Amino acid sequence: MGAAESPESQNNGVMLNQHPNIVFIVADQWRKQSAGFWSKEPYRSAIHDAGDPVHTPNLDRLADQSVVLTQAISTFPLCSPYRGMMLSGKLPHRNGVILNCNDQRPASQLREDVICVSDVLQEAGYSLGYIGKLHTDYPTPNLPGKKYATPPLASGRIWDAYTPPGPKRHGFDYWYSYGTFDQHFNPHYWDTTGRYHEPHEWSPDHDAKMAESYIQNKKGQRKEGAPFGLWVSINPPHHPYDQCKPEDLVPYQGASWEELAVRLNVDQSNDVMRNQIKNYFALVTGVDRAIGRVLNAIEEAGLAENTIVIVTSDHGEHMGSQNLTAKNYPYAESQDVPFLVRCPGRIAPRTDDLLIGTCDIMPTLLGLAGLDSMIPDDLDGSDYAELLRDIPSAVQRPESVFFFRNINAPVDSNGKVHDFITDFIGVKTSAHSFWISRKVKNWAEVGLYDIVNDPYQLNNLAETDPVLRAEMVEKLRAAIPVRFPIEKLHPEVAARLNAAGE
Ligand code: CA
């Protein structure tokens with residue numbers, strides 16, 4: 001029996017059965033472009049570049065039932081910082097996750113005292129489950145015998161962390177999770193009581209199995225009659241790309257590199273990517289199958305009508321675009337994420353170019369759940385629920401969305417990092433992407449692209465269109481969040497921003 005059919009019950013004045021369930025599915029390193037529906041109408045006309053030739057039948061079906069956002073971004077396109085913002089609605093320096101979490105960075109971990117979306121939902125009477133990758137904790141030797149959760153990688157760095165029951169779990173009362181561990185065929189998890197599991201199953205398949213069980217509530221994982229919030233955090237299509245299932249490679253057998261690498265900003269001579277793109281798309285297809293299983297479980301349990309489903313990703317993947325691999329760059333392939341919201345009866349299926357960032361997720365989710373009165377008033381994001389519902393609203397549509405990234409501040413004598421420096425900041429509007437960066441790798445210190453007519457970001461207008469550049473500097477200044485720690489800007493970035501304003 002789902003929340004919709006349950007008898008009314010009272011908790012802190014909130015009528016429990018008025019609030020929908022939430023299933024939040026977040027994959028890792030899955031770029032927006034890698035979804036099959038972009039290659040057909042009406043989606044094809046809603047974007048300016050080409051969708052990847054990927055096979056995602058479940059996602060395509062979900063798209064037809066959802067509002068499909070075309071301009072959603074990962075505000076700081078890296079694992080841990082995204083996850084900290086997704087859970088807390090606050091910028092990294094306020095939620096604690098200032099950098100990617102590993103044993104070099106004791107300063108980067110989700111604060112126990114920050115109020116997360118799950119803390120608010122728990123207060124509202126929800127049952128809460130977290131399945132899969134978390135990656136917001138500092139790895140410490142916190143297992144029996146004072147061991148680390150997972151031995152160091154070849155680099156000597158320890159990444160995985162065990163999150164013990166208690167305040168670090170932020171209201172999630174059902175737990176089946178790990179920090180970060182990239183062996184897709186040999187994943188591991190710790191459960192609600194802290195027991196360790198090695199299921200020897202491809203991780204998205206196992207995540208889906210555990211999510212199905214939670215939704216069916218066969219083992220009493222959640223309170224019957226109460227709404228639930230379930231986070232399903234899938235590790236693929238994160239590398240290693242060759243850890244895909246052979247069955248998922250079938251749709252790509254026989255396709256040439258040119259047929260698969262459709263983005264015009266891909267360096268065709270990059271042999272690494274030439275070997276990997278099939279595998280990346282196969283991982284996406286496997287993730288799609290896992291998503292399909294979760295969607296089917298929701299439908300079979302009779303919960304589809306009263307469950308908000310969100311499907312998104314923590315950041316994208318370059319796969320050779322701009323001669324870069326992976327993520328954490330100011331370009332679209334890093335930044336743009338899939339974002340589908342299904343909420344029958346509340347949200348009409350369509351595409352929408354809402355400029356939404358990571359800190360907007362928590363307030364918007366609470367707004368969609370009818371809990372807007374419980375949204376903390378000190379968040380760094382906005383509640384766009386009424387815009388997603390497309391109802392008359394006093395909420396203004398944002399004209400831009402801010403993005404940035406942090407890097408390590410200098411290390412101490414033990415090689416540990418205790419602080420961060422922000423080495424690029426930028427703003428995206430529906431027409432342009434603009435950033436100011438430290439000189440790094442092969443991208444421009446000042447990037448300015450017309451993302452409608454030049455969606456592959458091949459023609460930097462920063463030096464050729466001074467009028468537009470001045471306009472974008474003003475838009476960037478206006479988009480910097482009120483609580484953004486501007487004093488942490490890398491000196492080169494601060495100097496360029498100040499010079500641009502003169
Ligand atoms: Ca990630």
# chains A, B, ... in the order shown; residues from 1 in each chain; ligands from 1
>>> residues_near_ligand(ligand="ligand 1", cutoff="12 Å", atoms="only C-alpha atoms and all ligand atoms", output="PyMOL selection string")
chain A and resi 26-31+74+76-84+100-101+133-136+179-182+233-239+312-317+326-328+334-335+337
>>> select_by_dssp(residues="region 198-376 of chain A", states="strand (DSSP E)", output="VMD selection string")
chain A and resid 228 to 234 307 to 313 339 to 342 350 to 352
>>> residues_around(residues="region 368-382 of chain A", least_positions_apart="6", cutoff="6 Å", atoms="only C-alpha atoms", output="list of chain:residue names")
A:His19, A:Pro20, A:Gly89, A:Lys90, A:Cys359, A:Asp360
>>> write_last_selection(atoms="C-alpha atoms", output="PDB file, in the first residue's frame")
ATOM      1  CA  HIS A  19       2.989  14.549   0.186  1.00  0.00           C
ATOM      2  CA  PRO A  20       4.257  12.558  -2.768  1.00  0.00           C
ATOM      3  CA  GLY A  89      21.250  23.404  -1.172  1.00  0.00           C
ATOM      4  CA  LYS A  90      24.330  25.286   0.045  1.00  0.00           C
ATOM      5  CA  CYS A 359      21.927  24.336  -5.149  1.00  0.00           C
ATOM      6  CA  ASP A 360      18.410  24.735  -6.608  1.00  0.00           C
TER       7      ASP A 360
END
>>> residues_around(residues="Pro246 (chain A)", least_positions_apart="5", cutoff="10 Å", atoms="only C-alpha atoms", output="short mmCIF file (atom, residue, chain, number, x, y, z; two decimals) with C-alpha atoms, in the first residue's frame")
data_model
loop_
_atom_site.label_atom_id
_atom_site.label_comp_id
_atom_site.auth_asym_id
_atom_site.auth_seq_id
_atom_site.Cartn_x
_atom_site.Cartn_y
_atom_site.Cartn_z
CA ASN A 279 32.26 1.36 -23.73
CA ALA A 282 27.41 0.77 -23.22
CA LEU A 283 27.69 1.95 -19.61
CA GLY A 286 23.34 -0.37 -18.68
#
>>> atom_distance(atom1="CA of Asp288 (chain A)", atom2="CA of Ile347 (chain A)")
22.2 Å
>>> closest_residue(among="A:Asn270, A:Thr307, A:Gln322, A:Thr140", to="Leu365 (chain A)", atoms="only C-alpha atoms")
A:Thr307
>>> residues_around(residues="region 445-450 of chain A", least_positions_apart="5", cutoff="8 Å", atoms="only C-alpha atoms", output="ChimeraX atom specification")
/A:431-440,455,457-462,469
>>> select_by_dssp(residues="region 149-253 of chain A", states="alpha helix (DSSP H)", output="ChimeraX atom specification")
/A:203-216,246-249
>>> residues_around(residues="region 92-96 of chain A", least_positions_apart="5", cutoff="9 Å", atoms="only C-alpha atoms", output="list of chain:residue names")
A:Pro81, A:Tyr82, A:Gly84, A:Met85, A:Ala107, A:Ser108, A:Gln109, A:Leu110, A:Arg111, A:Glu112, A:Asp113, A:Val114, A:Ile115, A:Thr136, A:Phe420, A:Arg483, A:Phe484, A:Pro485
>>> residues_around(residues="Lys488 (chain A)", least_positions_apart="4", cutoff="12 Å", atoms="only C-alpha atoms", output="list in words")
His93, Ile98, Phe404, Arg405, Asn406, Ile407, Asn408, Ala409, Asp419, Phe420, Ile421, Thr422, Asp423, Phe424, Ile425, Arg483, Phe484, Glu492, Val493 and Ala494 of chain A
>>> write_last_selection(atoms="N, CA, C and O atoms", output="PDB file, in the first residue's frame")
ATOM      1  N   HIS A  93      31.623  25.911   0.597  1.00  0.00           N
ATOM      2  CA  HIS A  93      32.253  26.420   1.828  1.00  0.00           C
ATOM      3  C   HIS A  93      31.258  26.449   2.989  1.00  0.00           C
ATOM      4  O   HIS A  93      31.656  26.573   4.134  1.00  0.00           O
ATOM      5  N   ILE A  98      34.228  21.088   0.095  1.00  0.00           N
ATOM      6  CA  ILE A  98      34.853  22.152  -0.696  1.00  0.00           C
ATOM      7  C   ILE A  98      35.628  21.614  -1.886  1.00  0.00           C
ATOM      8  O   ILE A  98      35.884  22.338  -2.846  1.00  0.00           O
ATOM      9  N   PHE A 404      31.342  27.375 -11.198  1.00  0.00           N
ATOM     10  CA  PHE A 404      32.705  27.611 -10.704  1.00  0.00           C
ATOM     11  C   PHE A 404      33.367  26.276 -10.408  1.00  0.00           C
ATOM     12  O   PHE A 404      32.736  25.224 -10.489  1.00  0.00           O
ATOM     13  N   ARG A 405      34.652  26.337 -10.060  1.00  0.00           N
ATOM     14  CA  ARG A 405      35.273  25.163  -9.440  1.00  0.00           C
ATOM     15  C   ARG A 405      36.341  25.607  -8.455  1.00  0.00           C
ATOM     16  O   ARG A 405      36.898  26.708  -8.582  1.00  0.00           O
ATOM     17  N   ASN A 406      36.598  24.748  -7.483  1.00  0.00           N
ATOM     18  CA  ASN A 406      37.663  24.980  -6.504  1.00  0.00           C
ATOM     19  C   ASN A 406      38.815  24.019  -6.770  1.00  0.00           C
ATOM     20  O   ASN A 406      38.610  22.916  -7.288  1.00  0.00           O
ATOM     21  N   ILE A 407      39.997  24.448  -6.383  1.00  0.00           N
ATOM     22  CA  ILE A 407      41.177  23.568  -6.401  1.00  0.00           C
ATOM     23  C   ILE A 407      41.838  23.634  -5.026  1.00  0.00           C
ATOM     24  O   ILE A 407      41.476  24.470  -4.188  1.00  0.00           O
ATOM     25  N   ASN A 408      42.810  22.754  -4.814  1.00  0.00           N
ATOM     26  CA  ASN A 408      43.529  22.731  -3.537  1.00  0.00           C
ATOM     27  C   ASN A 408      44.217  24.064  -3.257  1.00  0.00           C
ATOM     28  O   ASN A 408      44.882  24.615  -4.137  1.00  0.00           O
ATOM     29  N   ALA A 409      44.127  24.527  -2.018  1.00  0.00           N
ATOM     30  CA  ALA A 409      45.069  25.541  -1.533  1.00  0.00           C
ATOM     31  C   ALA A 409      46.393  24.820  -1.274  1.00  0.00           C
ATOM     32  O   ALA A 409      46.432  23.584  -1.248  1.00  0.00           O
ATOM     33  N   ASP A 419      42.325  23.892   2.733  1.00  0.00           N
ATOM     34  CA  ASP A 419      41.572  25.044   2.237  1.00  0.00           C
ATOM     35  C   ASP A 419      41.506  24.967   0.711  1.00  0.00           C
ATOM     36  O   ASP A 419      42.142  24.101   0.103  1.00  0.00           O
ATOM     37  N   PHE A 420      40.753  25.862   0.115  1.00  0.00           N
ATOM     38  CA  PHE A 420      40.567  25.827  -1.337  1.00  0.00           C
ATOM     39  C   PHE A 420      40.800  27.204  -1.946  1.00  0.00           C
ATOM     40  O   PHE A 420      40.815  28.226  -1.250  1.00  0.00           O
ATOM     41  N   ILE A 421      40.985  27.173  -3.258  1.00  0.00           N
ATOM     42  CA  ILE A 421      41.062  28.382  -4.073  1.00  0.00           C
ATOM     43  C   ILE A 421      40.071  28.173  -5.219  1.00  0.00           C
ATOM     44  O   ILE A 421      39.961  27.067  -5.743  1.00  0.00           O
ATOM     45  N   THR A 422      39.336  29.201  -5.600  1.00  0.00           N
ATOM     46  CA  THR A 422      38.407  29.088  -6.727  1.00  0.00           C
ATOM     47  C   THR A 422      39.136  29.525  -7.991  1.00  0.00           C
ATOM     48  O   THR A 422      39.565  30.675  -8.081  1.00  0.00           O
ATOM     49  N   ASP A 423      39.281  28.592  -8.952  1.00  0.00           N
ATOM     50  CA  ASP A 423      40.123  28.962 -10.096  1.00  0.00           C
ATOM     51  C   ASP A 423      39.366  29.222 -11.395  1.00  0.00           C
ATOM     52  O   ASP A 423      39.976  29.557 -12.397  1.00  0.00           O
ATOM     53  N   PHE A 424      38.037  29.033 -11.408  1.00  0.00           N
ATOM     54  CA  PHE A 424      37.238  29.710 -12.430  1.00  0.00           C
ATOM     55  C   PHE A 424      35.844  29.990 -11.916  1.00  0.00           C
ATOM     56  O   PHE A 424      35.346  29.282 -11.037  1.00  0.00           O
ATOM     57  N   ILE A 425      35.255  31.053 -12.418  1.00  0.00           N
ATOM     58  CA  ILE A 425      33.849  31.364 -12.175  1.00  0.00           C
ATOM     59  C   ILE A 425      33.229  31.692 -13.521  1.00  0.00           C
ATOM     60  O   ILE A 425      33.918  32.190 -14.424  1.00  0.00           O
ATOM     61  N   ARG A 483      26.343  34.725  -0.977  1.00  0.00           N
ATOM     62  CA  ARG A 483      27.264  34.181   0.030  1.00  0.00           C
ATOM     63  C   ARG A 483      28.510  33.557  -0.596  1.00  0.00           C
ATOM     64  O   ARG A 483      29.258  32.851   0.075  1.00  0.00           O
ATOM     65  N   PHE A 484      28.742  33.781  -1.876  1.00  0.00           N
ATOM     66  CA  PHE A 484      29.922  33.182  -2.513  1.00  0.00           C
ATOM     67  C   PHE A 484      31.194  33.811  -1.936  1.00  0.00           C
ATOM     68  O   PHE A 484      31.287  35.033  -1.838  1.00  0.00           O
ATOM     69  N   GLU A 492      44.826  35.444 -10.099  1.00  0.00           N
ATOM     70  CA  GLU A 492      44.697  35.720 -11.542  1.00  0.00           C
ATOM     71  C   GLU A 492      43.240  35.961 -11.929  1.00  0.00           C
ATOM     72  O   GLU A 492      42.935  36.817 -12.764  1.00  0.00           O
ATOM     73  N   VAL A 493      42.345  35.183 -11.329  1.00  0.00           N
ATOM     74  CA  VAL A 493      40.917  35.313 -11.656  1.00  0.00           C
ATOM     75  C   VAL A 493      40.386  36.633 -11.113  1.00  0.00           C
ATOM     76  O   VAL A 493      39.674  37.372 -11.819  1.00  0.00           O
ATOM     77  N   ALA A 494      40.764  36.936  -9.863  1.00  0.00           N
ATOM     78  CA  ALA A 494      40.303  38.196  -9.260  1.00  0.00           C
ATOM     79  C   ALA A 494      40.805  39.386 -10.084  1.00  0.00           C
ATOM     80  O   ALA A 494      40.053  40.334 -10.342  1.00  0.00           O
TER      81      ALA A 494
END
>>> decode(residues="region 150-204 of chain A", atoms="C-alpha atoms", output="PDB file, in the first residue's frame")
ATOM      1  CA  THR A 150      39.211   0.331   1.128  1.00  0.00           C
ATOM      2  CA  PRO A 151      43.007   0.127   0.696  1.00  0.00           C
ATOM      3  CA  PRO A 152      44.829   2.915  -1.122  1.00  0.00           C
ATOM      4  CA  LEU A 153      44.845   3.038  -4.919  1.00  0.00           C
ATOM      5  CA  ALA A 154      48.116   2.615  -6.800  1.00  0.00           C
ATOM      6  CA  SER A 155      48.608   6.374  -6.356  1.00  0.00           C
ATOM      7  CA  GLY A 156      48.754   5.827  -2.579  1.00  0.00           C
ATOM      8  CA  ARG A 157      45.612   7.924  -2.164  1.00  0.00           C
ATOM      9  CA  ILE A 158      42.643   6.621  -0.150  1.00  0.00           C
ATOM     10  CA  TRP A 159      39.254   7.575  -1.581  1.00  0.00           C
ATOM     11  CA  ASP A 160      36.531   5.312  -0.206  1.00  0.00           C
ATOM     12  CA  ALA A 161      34.907   6.121   3.138  1.00  0.00           C
ATOM     13  CA  TYR A 162      32.546   4.381   5.498  1.00  0.00           C
ATOM     14  CA  THR A 163      29.710   6.549   6.782  1.00  0.00           C
ATOM     15  CA  PRO A 164      28.628   5.263  10.217  1.00  0.00           C
ATOM     16  CA  PRO A 165      25.029   5.335  11.449  1.00  0.00           C
ATOM     17  CA  GLY A 166      24.184   8.637  13.114  1.00  0.00           C
ATOM     18  CA  PRO A 167      24.293  12.305  12.171  1.00  0.00           C
ATOM     19  CA  LYS A 168      26.566  11.744   9.156  1.00  0.00           C
ATOM     20  CA  ARG A 169      23.664   9.935   7.467  1.00  0.00           C
ATOM     21  CA  HIS A 170      21.468  13.045   7.642  1.00  0.00           C
ATOM     22  CA  GLY A 171      18.090  11.473   8.288  1.00  0.00           C
ATOM     23  CA  PHE A 172      18.394   8.526   5.898  1.00  0.00           C
ATOM     24  CA  ASP A 173      17.012   5.654   8.010  1.00  0.00           C
ATOM     25  CA  TYR A 174      17.641   2.985   5.364  1.00  0.00           C
ATOM     26  CA  TRP A 175      21.244   2.808   4.158  1.00  0.00           C
ATOM     27  CA  TYR A 176      22.996   0.721   1.521  1.00  0.00           C
ATOM     28  CA  SER A 177      25.909   2.820   0.434  1.00  0.00           C
ATOM     29  CA  TYR A 178      29.644   3.388   0.115  1.00  0.00           C
ATOM     30  CA  GLY A 179      31.934   6.367  -0.417  1.00  0.00           C
ATOM     31  CA  THR A 180      33.518   5.919  -3.812  1.00  0.00           C
ATOM     32  CA  PHE A 181      34.789   2.688  -5.333  1.00  0.00           C
ATOM     33  CA  ASP A 182      35.290   2.137  -9.052  1.00  0.00           C
ATOM     34  CA  GLN A 183      35.119  -1.611  -9.572  1.00  0.00           C
ATOM     35  CA  HIS A 184      31.798  -1.883 -11.357  1.00  0.00           C
ATOM     36  CA  PHE A 185      31.755  -5.698 -11.320  1.00  0.00           C
ATOM     37  CA  ASN A 186      32.855  -5.946  -7.704  1.00  0.00           C
ATOM     38  CA  PRO A 187      31.022  -3.212  -5.780  1.00  0.00           C
ATOM     39  CA  HIS A 188      30.638  -3.087  -2.019  1.00  0.00           C
ATOM     40  CA  TYR A 189      28.179  -1.454   0.340  1.00  0.00           C
ATOM     41  CA  TRP A 190      27.527  -0.918   4.036  1.00  0.00           C
ATOM     42  CA  ASP A 191      23.967  -1.339   5.215  1.00  0.00           C
ATOM     43  CA  THR A 192      21.763   0.384   7.782  1.00  0.00           C
ATOM     44  CA  THR A 193      23.457  -1.324  10.731  1.00  0.00           C
ATOM     45  CA  GLY A 194      26.963  -0.994   9.274  1.00  0.00           C
ATOM     46  CA  ARG A 195      27.332  -4.531   7.900  1.00  0.00           C
ATOM     47  CA  TYR A 196      29.566  -4.882   4.845  1.00  0.00           C
ATOM     48  CA  HIS A 197      28.320  -6.529   1.612  1.00  0.00           C
ATOM     49  CA  GLU A 198      30.081  -7.665  -1.558  1.00  0.00           C
ATOM     50  CA  PRO A 199      27.317  -8.813  -3.902  1.00  0.00           C
ATOM     51  CA  HIS A 200      29.574  -9.685  -6.909  1.00  0.00           C
ATOM     52  CA  GLU A 201      27.067  -8.148  -9.296  1.00  0.00           C
ATOM     53  CA  TRP A 202      27.456  -5.275 -11.779  1.00  0.00           C
ATOM     54  CA  SER A 203      26.776  -2.257  -9.587  1.00  0.00           C
ATOM     55  CA  PRO A 204      23.877  -0.601 -11.494  1.00  0.00           C
TER      56      PRO A 204
END
